[in-house]
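Structure file my_file.cif; described as mmCIF, C-alpha atoms.
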```
data_start
#
loop_
_atom_site.group_PDB
_atom_site.id
_atom_site.type_symbol
_atom_site.label_atom_id
_atom_site.label_comp_id
_atom_site.auth_asym_id
_atom_site.auth_seq_id
_atom_site.Cartn_x
_atom_site.Cartn_y
_atom_site.Cartn_z
ATOM 1 C CA MET E 21 -6.698 -1.705 24.093
ATOM 2 C CA ASN E 22 -7.747 -0.346 20.718
ATOM 3 C CA LEU E 23 -7.905 -3.237 18.216
ATOM 4 C CA ALA E 24 -6.912 -0.959 15.336
ATOM 5 C CA ARG E 25 -3.561 -0.330 17.024
ATOM 6 C CA ARG E 26 -2.915 -4.079 17.302
ATOM 7 C CA ILE E 27 -3.021 -4.611 13.567
ATOM 8 C CA ALA E 28 -0.019 -3.593 11.521
ATOM 9 C CA PRO E 29 -0.050 0.143 10.861
ATOM 10 C CA ALA E 30 0.927 -0.774 7.305
ATOM 11 C CA VAL E 31 -2.307 -2.658 6.733
ATOM 12 C CA LEU E 32 -4.455 0.109 8.152
ATOM 13 C CA LEU E 33 -2.763 2.953 6.343
ATOM 14 C CA VAL E 34 -2.419 1.095 3.061
ATOM 15 C CA ALA E 35 -6.084 0.140 3.183
ATOM 16 C CA ALA E 36 -7.037 3.706 4.030
ATOM 17 C CA ALA E 37 -4.871 5.058 1.250
ATOM 18 C CA VAL E 38 -6.152 2.656 -1.363
ATOM 19 C CA LEU E 39 -9.807 2.336 -0.442
ATOM 20 C CA THR E 40 -10.751 5.688 1.023
ATOM 21 C CA GLY E 41 -7.994 7.962 -0.186
ATOM 22 C CA CYS E 42 -7.197 9.639 3.123
ATOM 23 C CA SER E 43 -5.316 12.828 2.387
ATOM 24 C CA SER E 44 -4.130 16.244 3.350
ATOM 25 C CA THR E 45 -4.760 19.481 1.534
ATOM 26 C CA SER E 46 -1.197 19.932 0.311
ATOM 27 C CA GLU E 47 -0.395 16.544 -1.148
ATOM 28 C CA ALA E 48 -0.521 17.190 -4.865
ATOM 29 C CA GLY E 49 3.068 18.374 -5.106
ATOM 30 C CA ALA E 50 4.436 16.377 -2.194
ATOM 31 C CA ALA E 51 7.414 14.279 -3.184
ATOM 32 C CA ALA E 52 10.952 13.430 -2.180
ATOM 33 C CA ASP E 53 11.522 16.514 -0.023
ATOM 34 C CA THR E 54 10.319 14.356 2.863
ATOM 35 C CA GLY E 55 12.756 11.553 3.683
ATOM 36 C CA CYS E 56 11.514 8.134 2.646
ATOM 37 C CA VAL E 57 13.686 5.036 2.854
ATOM 38 C CA ASP E 58 11.917 3.387 -0.097
ATOM 39 C CA ALA E 59 12.887 6.308 -2.316
ATOM 40 C CA THR E 60 16.552 5.387 -2.019
ATOM 41 C CA LEU E 61 16.549 1.580 -2.176
ATOM 42 C CA PRO E 62 16.163 -0.996 -4.945
ATOM 43 C CA ASN E 63 12.795 -2.564 -5.696
ATOM 44 C CA ALA E 64 11.254 -4.288 -2.708
ATOM 45 C CA THR E 65 11.460 -8.049 -2.459
ATOM 46 C CA ALA E 66 8.351 -10.206 -2.214
ATOM 47 C CA GLU E 67 9.227 -10.816 1.432
ATOM 48 C CA GLU E 68 9.385 -7.070 2.124
ATOM 49 C CA ILE E 69 6.046 -6.450 0.423
ATOM 50 C CA VAL E 70 4.377 -9.190 2.484
ATOM 51 C CA ASP E 71 6.106 -8.176 5.717
ATOM 52 C CA ALA E 72 4.756 -4.634 5.358
ATOM 53 C CA ALA E 73 1.458 -6.110 6.575
ATOM 54 C CA ARG E 74 2.942 -7.916 9.593
ATOM 55 C CA PRO E 75 0.937 -7.205 12.773
ATOM 56 C CA GLN E 76 2.735 -4.955 15.238
ATOM 57 C CA PRO E 77 2.023 -4.886 18.967
ATOM 58 C CA ALA E 78 0.699 -1.682 20.468
ATOM 59 C CA GLY E 79 2.127 -1.732 23.947
ATOM 60 C CA ASP E 80 2.335 -5.091 25.646
ATOM 61 C CA PRO E 81 1.474 -7.961 23.304
ATOM 62 C CA ASP E 82 -1.874 -9.500 24.226
ATOM 63 C CA ASP E 83 -3.878 -12.520 23.039
ATOM 64 C CA VAL E 84 -5.405 -10.672 20.088
ATOM 65 C CA TYR E 85 -1.986 -9.570 18.851
ATOM 66 C CA ARG E 86 -0.550 -13.065 19.354
ATOM 67 C CA ARG E 87 -3.436 -14.583 17.371
ATOM 68 C CA LEU E 88 -2.997 -12.083 14.519
ATOM 69 C CA ALA E 89 0.761 -12.634 14.496
ATOM 70 C CA ALA E 90 0.309 -16.424 14.407
ATOM 71 C CA GLN E 91 -2.174 -16.160 11.532
ATOM 72 C CA PHE E 92 0.240 -13.938 9.649
ATOM 73 C CA GLU E 93 3.130 -16.363 10.164
ATOM 74 C CA GLU E 94 0.999 -19.338 9.078
ATOM 75 C CA SER E 95 0.186 -17.729 5.745
ATOM 76 C CA ARG E 96 3.428 -15.770 5.196
ATOM 77 C CA ALA E 97 5.221 -18.317 2.994
ATOM 78 C CA ALA E 98 2.200 -18.717 0.722
ATOM 79 C CA GLN E 99 1.752 -14.940 0.504
ATOM 80 C CA VAL E 100 5.437 -14.440 -0.373
ATOM 81 C CA GLN E 101 5.122 -17.080 -3.077
ATOM 82 C CA HIS E 102 1.922 -15.437 -4.391
ATOM 83 C CA VAL E 103 3.532 -11.980 -4.559
ATOM 84 C CA ALA E 104 6.749 -13.279 -6.134
ATOM 85 C CA ALA E 105 4.785 -15.039 -8.871
ATOM 86 C CA SER E 106 2.402 -12.168 -9.608
ATOM 87 C CA SER E 107 2.676 -10.548 -13.001
ATOM 88 C CA VAL E 108 2.702 -7.070 -11.461
ATOM 89 C CA PHE E 109 5.598 -7.853 -9.111
ATOM 90 C CA THR E 110 7.676 -9.499 -11.831
ATOM 91 C CA ALA E 111 7.071 -6.607 -14.266
ATOM 92 C CA VAL E 112 8.019 -3.677 -11.986
ATOM 93 C CA PRO E 113 10.789 -1.872 -13.869
ATOM 94 C CA GLU E 114 14.168 -1.586 -12.170
ATOM 95 C CA GLY E 115 13.968 1.395 -9.834
ATOM 96 C CA GLY E 116 10.181 1.567 -10.189
ATOM 97 C CA ASP E 117 9.500 1.183 -6.473
ATOM 98 C CA ALA E 118 11.923 3.992 -5.608
ATOM 99 C CA GLU E 119 10.399 6.288 -8.220
ATOM 100 C CA PHE E 120 6.908 5.535 -6.897
ATOM 101 C CA ALA E 121 8.036 6.298 -3.342
ATOM 102 C CA LYS E 122 9.703 9.555 -4.436
ATOM 103 C CA ALA E 123 6.485 10.636 -6.118
ATOM 104 C CA VAL E 124 4.247 10.068 -3.076
ATOM 105 C CA CYS E 125 6.496 10.054 -0.003
ATOM 106 C CA GLY E 126 5.784 13.636 1.020
ATOM 107 C CA GLN E 127 2.075 12.970 1.560
ATOM 108 C CA SER E 128 0.914 13.328 5.145
ATOM 109 C CA ARG E 129 -0.818 9.920 5.017
ATOM 110 C CA TRP E 130 2.585 8.301 5.714
ATOM 111 C CA ALA E 131 3.304 10.395 8.827
ATOM 112 C CA ASP E 132 2.959 9.288 12.451
ATOM 113 C CA ARG E 133 -0.579 9.487 13.816
ATOM 114 C CA THR E 134 -1.980 10.067 17.274
ATOM 115 C CA ALA E 135 -4.613 7.540 18.344
ATOM 116 C CA ALA E 136 -7.718 8.547 20.276
ATOM 117 C CA ASP E 137 -6.041 7.431 23.501
ATOM 118 C CA GLY E 138 -3.067 9.717 22.779
ATOM 119 C CA ALA E 139 -0.650 6.957 21.783
ATOM 120 C CA THR E 140 1.575 7.539 18.769
ATOM 121 C CA VAL E 141 0.984 5.142 15.895
ATOM 122 C CA PRO E 142 4.169 5.008 13.820
ATOM 123 C CA GLY E 143 3.843 6.152 10.237
ATOM 124 C CA LEU E 144 5.103 4.324 7.200
ATOM 125 C CA ARG E 145 7.624 6.811 5.790
ATOM 126 C CA ALA E 146 10.640 5.024 7.258
ATOM 127 C CA GLN E 147 9.416 1.440 6.950
ATOM 128 C CA ARG E 148 10.970 -0.487 4.094
ATOM 129 C CA ALA E 149 8.401 -1.438 1.425
ATOM 130 C CA ALA E 150 5.399 -0.091 3.323
ATOM 131 C CA ILE E 151 4.817 2.800 0.936
ATOM 132 C CA VAL E 152 5.627 0.905 -2.247
ATOM 133 C CA SER E 153 3.235 -1.867 -1.263
ATOM 134 C CA THR E 154 0.478 0.701 -1.834
ATOM 135 C CA GLY E 155 1.536 1.094 -5.451
ATOM 136 C CA HIS E 156 1.662 -2.681 -5.845
ATOM 137 C CA THR E 157 -1.811 -2.948 -4.299
ATOM 138 C CA PHE E 158 -3.262 -0.442 -6.781
ATOM 139 C CA CYS E 159 -1.726 -2.362 -9.692
ATOM 140 C CA ASP E 160 -2.588 -5.857 -8.436
ATOM 141 C CA THR E 161 -6.182 -4.854 -7.753
ATOM 142 C CA TYR E 162 -6.502 -3.286 -11.195
ATOM 143 C CA GLU E 163 -5.252 -6.479 -12.827
ATOM 144 C CA GLN E 164 -7.669 -8.626 -10.817
ATOM 145 C CA LEU E 165 -10.744 -6.431 -11.296
ATOM 146 C CA LYS E 166 -10.323 -5.349 -14.907
ATOM 147 C CA PRO E 167 -11.783 -8.429 -16.670
ATOM 148 C CA SER E 168 -15.073 -8.337 -14.763
ATOM 149 C CA ALA E 169 -15.222 -4.520 -14.817
ATOM 150 C CA VAL E 170 -14.814 -4.486 -18.590
ATOM 151 C CA ALA E 171 -17.331 -7.318 -19.002
ATOM 152 C CA THR E 172 -19.947 -5.500 -16.916
ATOM 153 C CA GLY E 173 -19.179 -2.062 -18.287
ATOM 154 C CA ALA E 174 -18.193 -0.733 -14.852
ATOM 155 C CA TRP E 175 -14.981 0.701 -16.334
ATOM 156 C CA SER E 176 -12.566 -0.217 -19.064
ATOM 157 C CA ASP E 177 -9.399 1.714 -18.304
ATOM 158 C CA TRP E 178 -7.096 2.959 -15.554
ATOM 159 C CA ASN E 179 -8.957 6.256 -15.125
ATOM 160 C CA GLY E 180 -12.263 4.479 -14.545
ATOM 161 C CA TYR E 181 -10.548 2.195 -12.055
ATOM 162 C CA VAL E 182 -9.014 5.103 -10.141
ATOM 163 C CA GLU E 183 -12.360 6.873 -10.046
ATOM 164 C CA MET E 184 -13.947 3.727 -8.605
ATOM 165 C CA MET E 185 -11.137 3.267 -6.043
ATOM 166 C CA ALA E 186 -11.271 6.898 -4.928
ATOM 167 C CA ARG E 187 -15.059 6.766 -4.307
ATOM 168 C CA GLY E 188 -15.734 10.396 -3.583
ATOM 169 C CA ASP E 189 -12.233 11.328 -2.439
ATOM 170 C CA ASP E 190 -11.768 14.765 -3.944
ATOM 171 C CA SER E 191 -8.120 15.112 -2.933
ATOM 172 C CA ASP E 192 -5.243 15.060 -5.336
ATOM 173 C CA GLY E 193 -3.422 12.565 -3.065
ATOM 174 C CA THR E 194 -5.224 9.458 -4.263
ATOM 175 C CA ARG E 195 -4.863 10.515 -7.891
ATOM 176 C CA GLN E 196 -1.157 11.134 -7.254
ATOM 177 C CA ILE E 197 -0.713 7.629 -5.817
ATOM 178 C CA ALA E 198 -2.624 6.074 -8.719
ATOM 179 C CA ASP E 199 -0.701 8.051 -11.327
ATOM 180 C CA ALA E 200 2.628 7.186 -9.685
ATOM 181 C CA ALA E 201 1.669 3.499 -9.504
ATOM 182 C CA LEU E 202 0.781 3.437 -13.203
ATOM 183 C CA ALA E 203 3.936 5.314 -14.180
ATOM 184 C CA HIS E 204 6.435 3.421 -12.035
ATOM 185 C CA VAL E 205 5.032 0.141 -10.710
ATOM 186 C CA CYS E 206 2.795 -1.148 -13.522
ATOM 187 C CA PRO E 207 3.437 0.844 -16.694
ATOM 188 C CA GLN E 208 2.258 -2.212 -18.673
ATOM 189 C CA PHE E 209 -1.331 -1.132 -17.917
ATOM 190 C CA ARG E 210 -1.069 2.204 -19.745
ATOM 191 C CA SER E 211 -3.625 2.301 -22.523
#
```
Structure translated into structure tokens:
Amino acid sequence: MNLARRIAPAVLLVAAAVLTGCSSTSEAGAAADTGCVDATLPNATAEEIVDAARPQPAGDPDDVYRRLAAQFEESRAAQVQHVAASSVFTAVPEGGDAEFAKAVCGQSRWADRTAADGATVPGLRAQRAAIVSTGHTFCDTYEQLKPSAVATGAWSDWNGYVEMMARGDDSDGTRQIADAALAHVCPQFRS
């Protein structure tokens, strides 16, 4: 069985969205016209943000899935505590997660996918906190990397960070996610 399907679709798609900027050609204006549960709910809880990365079985659970699930459960409480105490999480304005989701929900990156073996891999559009965790990831990573990036001259502001994160992604989708994260999830980082 394909190992990538054993790991939570949230982890794979969030990582793809943040690190490689997977996209479609019509994402720049995509927004709330596509239904997204996170666009209608209050800010996600720390538990919901962490649980967005919970491993999901693909078909019958096997030993690899059980090992990943056990590792997740072992570290879950510490991860929830870490997220709840983070300065980004505690500073998200009321309604910020919903506004972020509205801004990016229409992008095709959140849609169901078809794996190489023909199996459907569920998308993130209807999973609570899966989309907004991407905005939190952009903001948390910025906060963690900025001191060393400024010290080394790699970049000194949000735009330099987004350029580094997008690494050659010429789509508007990654820029849209980054702009929505800055506007709604971590406006404290505006220069």
TODO: Tell me, in Å to one decimal, how far CA of Asp82 in chain E is from CA of Ala149 in chain E.
DONE: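 Separating CA of Asp82 in chain E from CA of Ala149 in chain E is a distance of 26.3 Å.
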- [ ] Within 6 Å of Val141 in chain E, counting only C-alpha atoms, which residues show up once you throw out same-chain ones fewer than 3 positions away? Write them as a PyMOL selection string, please.
- [x] chain E and resi 132-134
Using all atoms listed in the file, find each residue of range 94-211 of chain E with at least one atom at most 12 Å away from an atom of range 61-71 of chain E; report its shortest atom-to-atom pair and that distance in Å (one decimal), sort the rows by chain and rising residue number, and return the result as JSON lines.
```
{"residue": "E:Ser95", "atom": "CA", "partner": "E:Val70", "partner_atom": "CA", "distance": 10.1}
{"residue": "E:Arg96", "atom": "CA", "partner": "E:Val70", "partner_atom": "CA", "distance": 7.2}
{"residue": "E:Ala97", "atom": "CA", "partner": "E:Glu67", "partner_atom": "CA", "distance": 8.6}
{"residue": "E:Ala98", "atom": "CA", "partner": "E:Val70", "partner_atom": "CA", "distance": 9.9}
{"residue": "E:Gln99", "atom": "CA", "partner": "E:Val70", "partner_atom": "CA", "distance": 6.6}
{"residue": "E:Val100", "atom": "CA", "partner": "E:Ala66", "partner_atom": "CA", "distance": 5.5}
{"residue": "E:Gln101", "atom": "CA", "partner": "E:Ala66", "partner_atom": "CA", "distance": 7.6}
{"residue": "E:His102", "atom": "CA", "partner": "E:Ala66", "partner_atom": "CA", "distance": 8.6}
{"residue": "E:Val103", "atom": "CA", "partner": "E:Ala66", "partner_atom": "CA", "distance": 5.6}
{"residue": "E:Ala104", "atom": "CA", "partner": "E:Ala66", "partner_atom": "CA", "distance": 5.2}
{"residue": "E:Ala105", "atom": "CA", "partner": "E:Ala66", "partner_atom": "CA", "distance": 9.0}
{"residue": "E:Ser106", "atom": "CA", "partner": "E:Ala66", "partner_atom": "CA", "distance": 9.7}
{"residue": "E:Val108", "atom": "CA", "partner": "E:Ala66", "partner_atom": "CA", "distance": 11.3}
{"residue": "E:Phe109", "atom": "CA", "partner": "E:Ala66", "partner_atom": "CA", "distance": 7.8}
{"residue": "E:Thr110", "atom": "CA", "partner": "E:Ala66", "partner_atom": "CA", "distance": 9.7}
{"residue": "E:Ala111", "atom": "CA", "partner": "E:Asn63", "partner_atom": "CA", "distance": 11.1}
{"residue": "E:Val112", "atom": "CA", "partner": "E:Asn63", "partner_atom": "CA", "distance": 8.0}
{"residue": "E:Pro113", "atom": "CA", "partner": "E:Asn63", "partner_atom": "CA", "distance": 8.4}
{"residue": "E:Glu114", "atom": "CA", "partner": "E:Asn63", "partner_atom": "CA", "distance": 6.7}
{"residue": "E:Gly115", "atom": "CA", "partner": "E:Asn63", "partner_atom": "CA", "distance": 5.8}
{"residue": "E:Gly116", "atom": "CA", "partner": "E:Asn63", "partner_atom": "CA", "distance": 6.6}
{"residue": "E:Asp117", "atom": "CA", "partner": "E:Asn63", "partner_atom": "CA", "distance": 5.0}
{"residue": "E:Ala118", "atom": "CA", "partner": "E:Leu61", "partner_atom": "CA", "distance": 6.2}
{"residue": "E:Glu119", "atom": "CA", "partner": "E:Asn63", "partner_atom": "CA", "distance": 9.5}
{"residue": "E:Phe120", "atom": "CA", "partner": "E:Asn63", "partner_atom": "CA", "distance": 10.1}
{"residue": "E:Ala121", "atom": "CA", "partner": "E:Leu61", "partner_atom": "CA", "distance": 9.8}
{"residue": "E:Lys122", "atom": "CA", "partner": "E:Leu61", "partner_atom": "CA", "distance": 10.8}
{"residue": "E:Ala146", "atom": "CA", "partner": "E:Leu61", "partner_atom": "CA", "distance": 11.7}
{"residue": "E:Gln147", "atom": "CA", "partner": "E:Glu68", "partner_atom": "CA", "distance": 9.8}
{"residue": "E:Arg148", "atom": "CA", "partner": "E:Glu68", "partner_atom": "CA", "distance": 7.1}
{"residue": "E:Ala149", "atom": "CA", "partner": "E:Ile69", "partner_atom": "CA", "distance": 5.6}
{"residue": "E:Ala150", "atom": "CA", "partner": "E:Ile69", "partner_atom": "CA", "distance": 7.0}
{"residue": "E:Ile151", "atom": "CA", "partner": "E:Ile69", "partner_atom": "CA", "distance": 9.3}
{"residue": "E:Val152", "atom": "CA", "partner": "E:Ala64", "partner_atom": "CA", "distance": 7.7}
{"residue": "E:Ser153", "atom": "CA", "partner": "E:Ile69", "partner_atom": "CA", "distance": 5.6}
{"residue": "E:Thr154", "atom": "CA", "partner": "E:Ile69", "partner_atom": "CA", "distance": 9.3}
{"residue": "E:Gly155", "atom": "CA", "partner": "E:Ile69", "partner_atom": "CA", "distance": 10.6}
{"residue": "E:His156", "atom": "CA", "partner": "E:Ile69", "partner_atom": "CA", "distance": 8.5}
{"residue": "E:Thr157", "atom": "CA", "partner": "E:Ile69", "partner_atom": "CA", "distance": 9.8}
{"residue": "E:His204", "atom": "CA", "partner": "E:Asn63", "partner_atom": "CA", "distance": 10.8}
{"residue": "E:Val205", "atom": "CA", "partner": "E:Asn63", "partner_atom": "CA", "distance": 9.6}
```
TODO: Using only C-alpha atoms, find all polymer residues with an atom at most 9 Å away from the point (0.8, 9.3, 7.8); report them as a list in words.
DONE: Leu33, Ser43, Gln127, Ser128, Arg129, Trp130, Ala131, Asp132, Arg133, Pro142, Gly143, Leu144 and Arg145 of chain E
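Taking CA of Thr194 in chain E as the reference point, CA of Gln164 in chain E is found at 19.4 Å.
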TODO: Tell me which protein, DNA and RNA residues are within 12 Å of Asp199 in chain E, counting all atoms listed in the file, leaving out same-chain ones fewer than 3 positions away, and put them as a ChimeraX atom specification.
DONE: /E:48,119-121,123-124,155,158-159,178-179,181-183,192-196,202-207,209-210
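Atom pair CA of Trp175 in chain E / CA of Ala198 in chain E has a distance of 15.5 Å (rounded to one decimal).
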Coordinates of box centre and edge lengths for range 120-129 of chain E, 3 Å on every side, axis-aligned, as lines of an AutoDock Vina configuration file:
```
center_x = 4.4
center_y = 9.6
center_z = -0.9
size_x = 16.5
size_y = 14.1
size_z = 18.0
```
Task: Nearest candidate to Tyr162 in chain E (options E:Asp83, E:Glu93, E:Asp177, E:Asp58; using all atoms listed in the file) - done: E:Asp177
